[in-house]
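Chemist: My structure is stored as input27.txt, with compact mmCIF, C-alpha atoms.
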```txt
# COMPACT_ATOMS: atom_id res chain seq x y z
CA MET O 1 160.82 0.63 100.05
CA ASP O 2 160.70 3.28 97.40
CA ASP O 3 161.93 6.41 99.15
CA VAL O 4 161.38 8.65 96.14
CA ALA O 5 159.14 11.53 97.18
CA ARG O 6 155.73 11.64 95.51
CA PRO O 7 155.33 14.50 93.04
CA ALA O 8 153.15 17.41 94.09
CA ASP O 9 149.52 17.22 93.01
CA PRO O 10 149.57 18.75 89.50
CA TRP O 11 145.82 19.53 89.69
CA SER O 12 145.93 21.62 92.86
CA ALA O 13 146.52 24.95 91.09
CA LEU O 14 143.70 24.28 88.61
CA ARG O 15 141.27 23.20 91.35
CA ALA O 16 141.86 26.52 93.10
CA SER O 17 140.50 28.40 90.07
CA THR O 18 137.22 26.52 89.54
CA ASN O 19 134.35 24.92 91.42
CA ALA O 20 134.31 22.09 88.89
CA ARG O 21 135.29 18.64 90.14
CA ILE O 22 138.59 18.04 88.39
CA GLY O 23 141.59 15.89 89.25
CA LEU O 24 139.81 14.02 92.04
CA GLY O 25 142.26 11.13 92.00
CA ARG O 26 141.48 7.45 92.46
CA SER O 27 141.45 4.88 95.19
CA GLY O 28 141.84 1.60 93.40
CA ASP O 29 139.05 1.49 90.81
CA ALA O 30 136.93 4.11 92.58
CA MET O 31 137.06 7.75 93.58
CA PRO O 32 138.65 8.60 96.95
CA LEU O 33 136.22 8.54 99.86
CA LYS O 34 136.58 12.30 100.44
CA ALA O 35 135.48 13.06 96.86
CA VAL O 36 132.53 10.64 97.15
CA LEU O 37 131.33 12.24 100.37
CA GLU O 38 131.67 15.76 98.94
CA PHE O 39 129.64 14.74 95.89
CA GLN O 40 126.89 13.24 98.05
CA ALA O 41 126.79 16.35 100.22
CA ALA O 42 126.51 18.59 97.13
CA HIS O 43 123.69 16.43 95.78
CA ALA O 44 121.83 16.68 99.09
CA THR O 45 122.29 20.48 99.14
CA ALA O 46 120.87 20.73 95.61
CA ARG O 47 117.83 18.63 96.57
CA ASP O 48 117.26 20.80 99.64
CA ALA O 49 117.40 23.93 97.48
CA VAL O 50 114.62 22.54 95.26
CA HIS O 51 112.33 21.23 97.99
CA THR O 52 112.81 23.67 100.90
CA PRO O 53 109.85 26.11 101.03
CA LEU O 54 110.62 29.79 100.64
CA ASP O 55 110.27 31.65 103.93
CA LEU O 56 108.08 34.47 102.63
CA ASP O 57 107.88 36.22 106.01
CA ALA O 58 111.68 36.47 106.19
CA VAL O 59 111.96 37.79 102.63
CA GLU O 60 109.21 40.30 103.28
CA ALA O 61 111.00 41.52 106.42
CA ALA O 62 114.30 41.82 104.56
CA LEU O 63 112.63 43.92 101.84
CA GLN O 64 111.36 46.57 104.25
CA PRO O 65 110.73 49.49 103.92
CA LEU O 66 109.64 48.50 100.40
CA SER O 67 105.99 47.46 100.26
CA THR O 68 105.18 43.92 99.20
CA LEU O 69 102.28 41.69 98.24
CA ARG O 70 101.97 37.96 97.72
CA VAL O 71 100.63 35.81 94.91
CA LYS O 72 100.58 32.11 94.08
CA SER O 73 100.84 30.25 90.84
CA SER O 74 98.27 27.69 89.71
CA ALA O 75 100.49 24.88 91.05
CA PRO O 76 98.94 23.95 94.43
CA ASP O 77 102.05 22.28 95.88
CA ARG O 78 105.72 21.50 95.20
CA PRO O 79 105.25 18.05 93.62
CA THR O 80 102.71 19.47 91.17
CA TYR O 81 104.96 22.45 90.46
CA LEU O 82 107.82 20.13 89.51
CA ARG O 83 105.67 17.91 87.29
CA ARG O 84 103.61 20.69 85.65
CA PRO O 85 105.80 23.64 84.62
CA ASP O 86 102.81 25.16 82.77
CA LEU O 87 100.95 25.68 86.06
CA GLY O 88 103.89 27.57 87.52
CA ARG O 89 103.73 30.04 84.65
CA ARG O 90 100.29 31.47 85.44
CA LEU O 91 98.62 32.98 88.49
CA ASP O 92 96.16 31.18 90.67
CA ASP O 93 92.61 31.50 89.38
CA GLU O 94 91.48 33.00 92.68
CA PRO O 95 91.43 36.82 92.52
CA SER O 96 94.20 38.57 94.44
CA PRO O 97 92.75 41.66 96.18
CA ASP O 98 96.24 42.95 96.98
CA LEU O 99 97.23 42.74 93.32
CA GLU O 100 94.09 44.51 92.20
CA ALA O 101 94.59 47.23 94.83
CA ALA O 102 98.25 47.85 93.99
CA GLY O 103 97.44 50.35 91.29
CA LYS O 104 98.56 50.40 87.68
CA GLY O 105 101.10 52.17 85.54
CA ALA O 106 104.40 51.50 87.32
CA ASP O 107 107.63 51.74 85.34
CA VAL O 108 109.07 48.58 86.94
CA VAL O 109 107.68 45.76 89.04
CA PHE O 110 110.00 43.31 90.80
CA VAL O 111 108.68 39.76 91.14
CA VAL O 112 110.57 37.58 93.63
CA ALA O 113 109.84 33.98 92.65
CA ASP O 114 111.01 30.83 94.41
CA GLY O 115 111.72 28.94 91.18
CA LEU O 116 113.94 25.88 91.55
CA SER O 117 116.11 27.21 94.39
CA ALA O 118 114.34 28.84 97.31
CA THR O 119 117.77 28.93 98.97
CA ALA O 120 119.03 31.38 96.35
CA VAL O 121 116.00 33.63 96.75
CA GLN O 122 116.27 33.52 100.53
CA MET O 123 119.94 34.60 100.41
CA HIS O 124 120.12 37.07 97.55
CA ALA O 125 116.75 38.47 96.42
CA ALA O 126 116.21 41.20 99.02
CA PRO O 127 119.75 42.69 98.86
CA LEU O 128 119.57 42.77 95.07
CA VAL O 129 116.15 44.47 95.03
CA HIS O 130 117.45 47.11 97.44
CA ALA O 131 120.55 47.67 95.29
CA CYS O 132 118.37 48.10 92.19
CA ALA O 133 115.84 50.38 93.91
CA GLU O 134 118.63 52.72 95.02
CA ARG O 135 119.78 53.02 91.41
CA LEU O 136 116.28 53.54 89.98
CA LYS O 137 115.39 56.78 91.69
CA GLY O 138 113.01 58.66 89.41
CA PHE O 139 111.33 55.46 88.23
CA LYS O 140 107.91 54.50 89.57
CA ILE O 141 108.36 51.09 91.23
CA ALA O 142 105.36 48.92 92.08
CA PRO O 143 105.13 46.95 95.34
CA VAL O 144 107.47 43.96 95.24
CA VAL O 145 105.49 40.84 94.38
CA LEU O 146 106.44 37.63 96.24
CA ALA O 147 105.39 34.62 94.20
CA SER O 148 105.37 31.01 95.36
CA GLN O 149 105.54 27.90 93.14
CA ALA O 150 106.46 30.31 90.36
CA ARG O 151 108.36 30.17 87.09
CA VAL O 152 109.69 33.03 84.99
CA ALA O 153 106.59 33.54 82.83
CA LEU O 154 104.45 34.20 85.91
CA GLY O 155 105.94 37.68 85.82
CA ASP O 156 104.15 38.32 82.51
CA ASP O 157 100.81 37.67 84.19
CA VAL O 158 101.70 39.90 87.15
CA GLY O 159 103.06 42.70 84.98
CA GLU O 160 100.01 42.65 82.72
CA ARG O 161 97.59 42.91 85.64
CA LEU O 162 99.58 45.80 87.11
CA GLY O 163 99.94 47.53 83.75
CA ALA O 164 103.70 47.83 84.34
CA ALA O 165 106.08 48.87 81.59
CA LEU O 166 108.72 46.38 82.71
CA VAL O 167 108.81 43.30 84.92
CA ALA O 168 112.02 41.99 86.51
CA VAL O 169 111.64 38.43 87.79
CA LEU O 170 114.23 37.43 90.40
CA ILE O 171 114.16 33.64 90.55
CA GLY O 172 116.14 30.75 91.98
CA GLU O 173 118.06 28.96 89.25
CA ARG O 174 118.18 25.19 88.83
CA PRO O 175 120.78 24.02 91.40
CA GLY O 176 124.00 22.47 90.23
CA LEU O 177 126.45 20.27 92.10
CA SER O 178 128.88 23.15 92.63
CA VAL O 179 126.39 25.99 93.27
CA ALA O 180 122.90 25.45 94.68
CA GLU O 181 122.13 29.06 95.57
CA SER O 182 122.38 30.92 92.26
CA LEU O 183 119.88 33.69 91.50
CA GLY O 184 118.79 34.79 88.02
CA VAL O 185 116.93 37.89 86.81
CA TYR O 186 114.69 38.05 83.73
CA LEU O 187 113.63 41.46 82.39
CA THR O 188 110.64 41.80 80.03
CA TYR O 189 109.28 44.96 78.38
CA GLU O 190 105.48 45.31 78.25
CA PRO O 191 104.86 42.02 80.06
CA ARG O 192 101.78 40.16 79.01
CA ARG O 193 100.72 36.52 78.88
CA GLY O 194 102.21 34.69 75.92
CA ARG O 195 105.55 36.50 75.84
CA ARG O 196 108.36 34.36 74.43
CA ASP O 197 111.69 33.75 76.17
CA SER O 198 113.41 35.50 73.26
CA GLU O 199 111.67 38.69 74.40
CA ARG O 200 113.51 38.73 77.73
CA ASN O 201 116.98 39.69 78.90
CA CYS O 202 118.60 37.45 81.49
CA ILE O 203 121.27 38.11 84.11
CA SER O 204 122.35 34.83 85.70
CA ASN O 205 124.81 33.42 88.21
CA ILE O 206 124.30 35.88 91.08
CA HIS O 207 125.88 34.06 94.01
CA GLY O 208 128.86 34.07 96.36
CA LYS O 209 130.95 31.31 94.77
CA GLY O 210 132.52 33.26 91.95
CA GLY O 211 129.25 34.68 90.61
CA LEU O 212 128.08 38.26 90.13
CA SER O 213 128.01 40.59 93.13
CA TYR O 214 124.83 42.49 94.01
CA ALA O 215 126.40 45.75 92.86
CA LEU O 216 127.45 44.46 89.45
CA ALA O 217 124.16 42.64 88.88
CA ALA O 218 122.22 45.77 89.87
CA ASP O 219 124.35 47.92 87.54
CA LYS O 220 123.62 45.53 84.67
CA LEU O 221 119.90 45.36 85.39
CA VAL O 222 119.50 49.12 85.75
CA TRP O 223 121.40 49.66 82.49
CA LEU O 224 118.99 47.24 80.80
CA VAL O 225 115.97 48.97 82.38
CA ARG O 226 117.09 52.35 81.07
CA GLU O 227 117.84 51.03 77.59
CA ALA O 228 114.59 49.03 77.46
CA THR O 229 112.66 52.17 78.41
CA ARG O 230 114.45 54.19 75.75
CA LEU O 231 114.15 51.60 72.97
CA LYS O 232 110.80 50.14 74.12
CA LEU O 233 111.94 46.51 73.84
CA THR O 234 113.81 43.72 75.56
CA GLY O 235 115.12 40.37 74.38
CA VAL O 236 117.40 39.47 71.53
CA LYS O 237 117.16 43.00 70.06
CA LEU O 238 118.50 44.56 73.26
CA LYS O 239 122.18 43.72 73.53
CA ASP O 240 123.87 43.70 76.92
CA ASP O 241 126.66 46.21 76.33
CA VAL O 242 127.79 46.74 79.89
CA ASP O 243 130.92 44.58 79.96
CA ALA O 244 132.92 47.71 80.63
CA LEU O 245 131.34 48.04 84.06
CA ALA O 246 134.02 47.43 86.66
CA PRO O 247 133.34 44.77 89.32
CA ALA O 248 132.52 46.29 92.67
CA PRO O 249 135.45 46.14 95.09
CA GLY O 250 135.06 43.57 97.84
CA GLY O 251 131.43 42.77 98.55
CA ALA O 252 131.66 39.01 98.93
CA LEU O 253 128.17 37.49 98.90
CA PRO O 254 126.83 34.91 101.36
CA GLY O 255 128.03 31.46 100.41
CA ALA O 256 131.48 32.61 99.34
```
Please lay out the structure from this file as structure tokens.

Modeler:
Amino acid sequence: MDDVARPADPWSALRASTNARIGLGRSGDAMPLKAVLEFQAAHATARDAVHTPLDLDAVEAALQPLSTLRVKSSAPDRPTYLRRPDLGRRLDDEPSPDLEAAGKGADVVFVVADGLSATAVQMHAAPLVHACAERLKGFKIAPVVLASQARVALGDDVGERLGAALVAVLIGERPGLSVAESLGVYLTYEPRRGRRDSERNCISNIHGKGGLSYALAADKLVWLVREATRLKLTGVKLKDDVDALAPAPGGALPGA
């Protein structure tokens, strides 16, 4: 018998610094069973994030005391939403009395959209909206719009109908195999149908597995709102110059 001790796993220190699947090892010609099972579990979690319906009642309750209203995209169900991205970018043809009654002329409207990860929206949207609202005192904020079967550009339609100066769309990002609950925010000045993606600013990776905290994401978004209001634009001409913002102490997010 070879009594020489096995060397320590040289990948262990690197694995501790990333969620990426590195140095998984081998069992014969295949991956070890533990790695295979973890991969299958991650894949199932990602599929659940895409297909699980957003619990609008729970999000609405978490947003209180902020007022809310609900809209739907033109995609009638999840399978259609996944096959027809264009339908998720525009509002349902049926008139929305709540939207019409909300009033016009707000400085900012928040649109909470399920996107491709309802899990992310369920976990992170309400705390982030509250963090932003606290920092935007003095701005006129429209009722928070909860949108189902929605993609980013749906916010242009909502913002145009409300006559808002800015729309911030909080949306579940496409799940990965390391993070399935990541939230993104897209900010657009003078939202109207037909806006291009280059006319938006994006803050991504808001989650509890090494992503942005609510406080840091809110600081970034509010900085962009103030600069967009001052310069009257968003997108590639509005540079995110807030790297100097210090991360908030503590504040681990759900999922960490």

Chemist: Using only C-alpha atoms, which residues sit within 7 Å of region 222-233 of chain O once same-chain residues fewer than 4 positions away are excluded, as an MDAnalysis selection string?

Modeler: chainID O and resid 132 135:136 189 218 238

Chemist: Taking a cut-off of 12 Å and counting only C-alpha atoms, can you build a table that, for each residue of region 72-172 of chain O near region 194-198 of chain O, reports the nearest atom pair and how far apart they are in Å (one decimal), sorted by chain then residue number, as a Markdown table?

Modeler:
```
| residue | atom | partner | partner_atom | distance |
| --- | --- | --- | --- | --- |
| O:Asp86 | CA | O:Gly194 | CA | 11.8 |
| O:Arg89 | CA | O:Gly194 | CA | 10.0 |
| O:Arg90 | CA | O:Gly194 | CA | 10.2 |
| O:Arg151 | CA | O:Asp197 | CA | 12.0 |
| O:Val152 | CA | O:Asp197 | CA | 9.1 |
| O:Ala153 | CA | O:Arg195 | CA | 7.7 |
| O:Leu154 | CA | O:Gly194 | CA | 10.2 |
| O:Gly155 | CA | O:Arg195 | CA | 10.1 |
| O:Asp156 | CA | O:Arg195 | CA | 7.1 |
| O:Asp157 | CA | O:Gly194 | CA | 8.9 |
| O:Gly159 | CA | O:Arg195 | CA | 11.3 |
| O:Glu160 | CA | O:Gly194 | CA | 10.7 |
| O:Val167 | CA | O:Arg195 | CA | 11.8 |
```

Chemist: Would you write out, as a tab-separated table, a table of all residues in region 103-125 of chain O that have an atom no more than 8 Å from an atom of region 143-147 of chain O, listing for each the closest atom pair and the distance in Å to one decimal, considering only C-alpha atoms and ordering rows by chain and rising residue number?

Modeler:
```
residue	atom	partner	partner_atom	distance
O:Val109	CA	O:Val144	CA	6.5
O:Phe110	CA	O:Val144	CA	5.2
O:Val111	CA	O:Val145	CA	4.7
O:Val112	CA	O:Leu146	CA	4.9
O:Ala113	CA	O:Ala147	CA	4.8
O:Asp114	CA	O:Ala147	CA	6.8
```

Chemist: Please provide the set of residues having any atom within 9 Å of Arg21 (chain O), restricted to all atoms listed in the file, with same-chain residues fewer than 2 positions apart removed, written as number ranges by chain.

Modeler: O: 15, 18-19, 23-24, 35, 39, 178

Chemist: Output C-alpha atoms for every residue in the selection just made, as a PDB file, in the frame of the given file.

Modeler:
```pdb
ATOM      1  CA  ARG O  15     141.270  23.200  91.350  1.00  0.00           C
ATOM      2  CA  THR O  18     137.220  26.520  89.540  1.00  0.00           C
ATOM      3  CA  ASN O  19     134.350  24.920  91.420  1.00  0.00           C
ATOM      4  CA  GLY O  23     141.590  15.890  89.250  1.00  0.00           C
ATOM      5  CA  LEU O  24     139.810  14.020  92.040  1.00  0.00           C
ATOM      6  CA  ALA O  35     135.480  13.060  96.860  1.00  0.00           C
ATOM      7  CA  PHE O  39     129.640  14.740  95.890  1.00  0.00           C
ATOM      8  CA  SER O 178     128.880  23.150  92.630  1.00  0.00           C
TER       9      SER O 178
END
```

Chemist: Pick out the closest residue to Glu60 (chain O) from this set: O:Lys34, O:Ala44, O:Pro10, O:Val121. Count only C-alpha atoms.

Modeler: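 Nearest candidate to Glu60 (chain O) out of O:Lys34, O:Ala44, O:Pro10, O:Val121: O:Val121.
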
Chemist: Go through O:Gly176, O:Pro127, O:Gly208, O:Gly103 and flag the residue nearest Leu63 (chain O), using only C-alpha atoms for the distances.

Modeler: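 Among the listed residues, the smallest separation from Leu63 (chain O) belongs to O:Pro127.
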
Chemist: Enter the distance from CA of Ser67 (chain O) to CA of Val185 (chain O), in Å, rounded to one decimal.

Modeler: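 Taking CA of Ser67 (chain O) as the start and CA of Val185 (chain O) as the end point, the length is 19.8 Å.
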
Chemist: Could you list, as a count of residues only, every residue within 9 Å of Ala164 (chain O), counting all atoms listed in the file and ignoring same-chain residues fewer than 4 positions away?

Modeler: 14
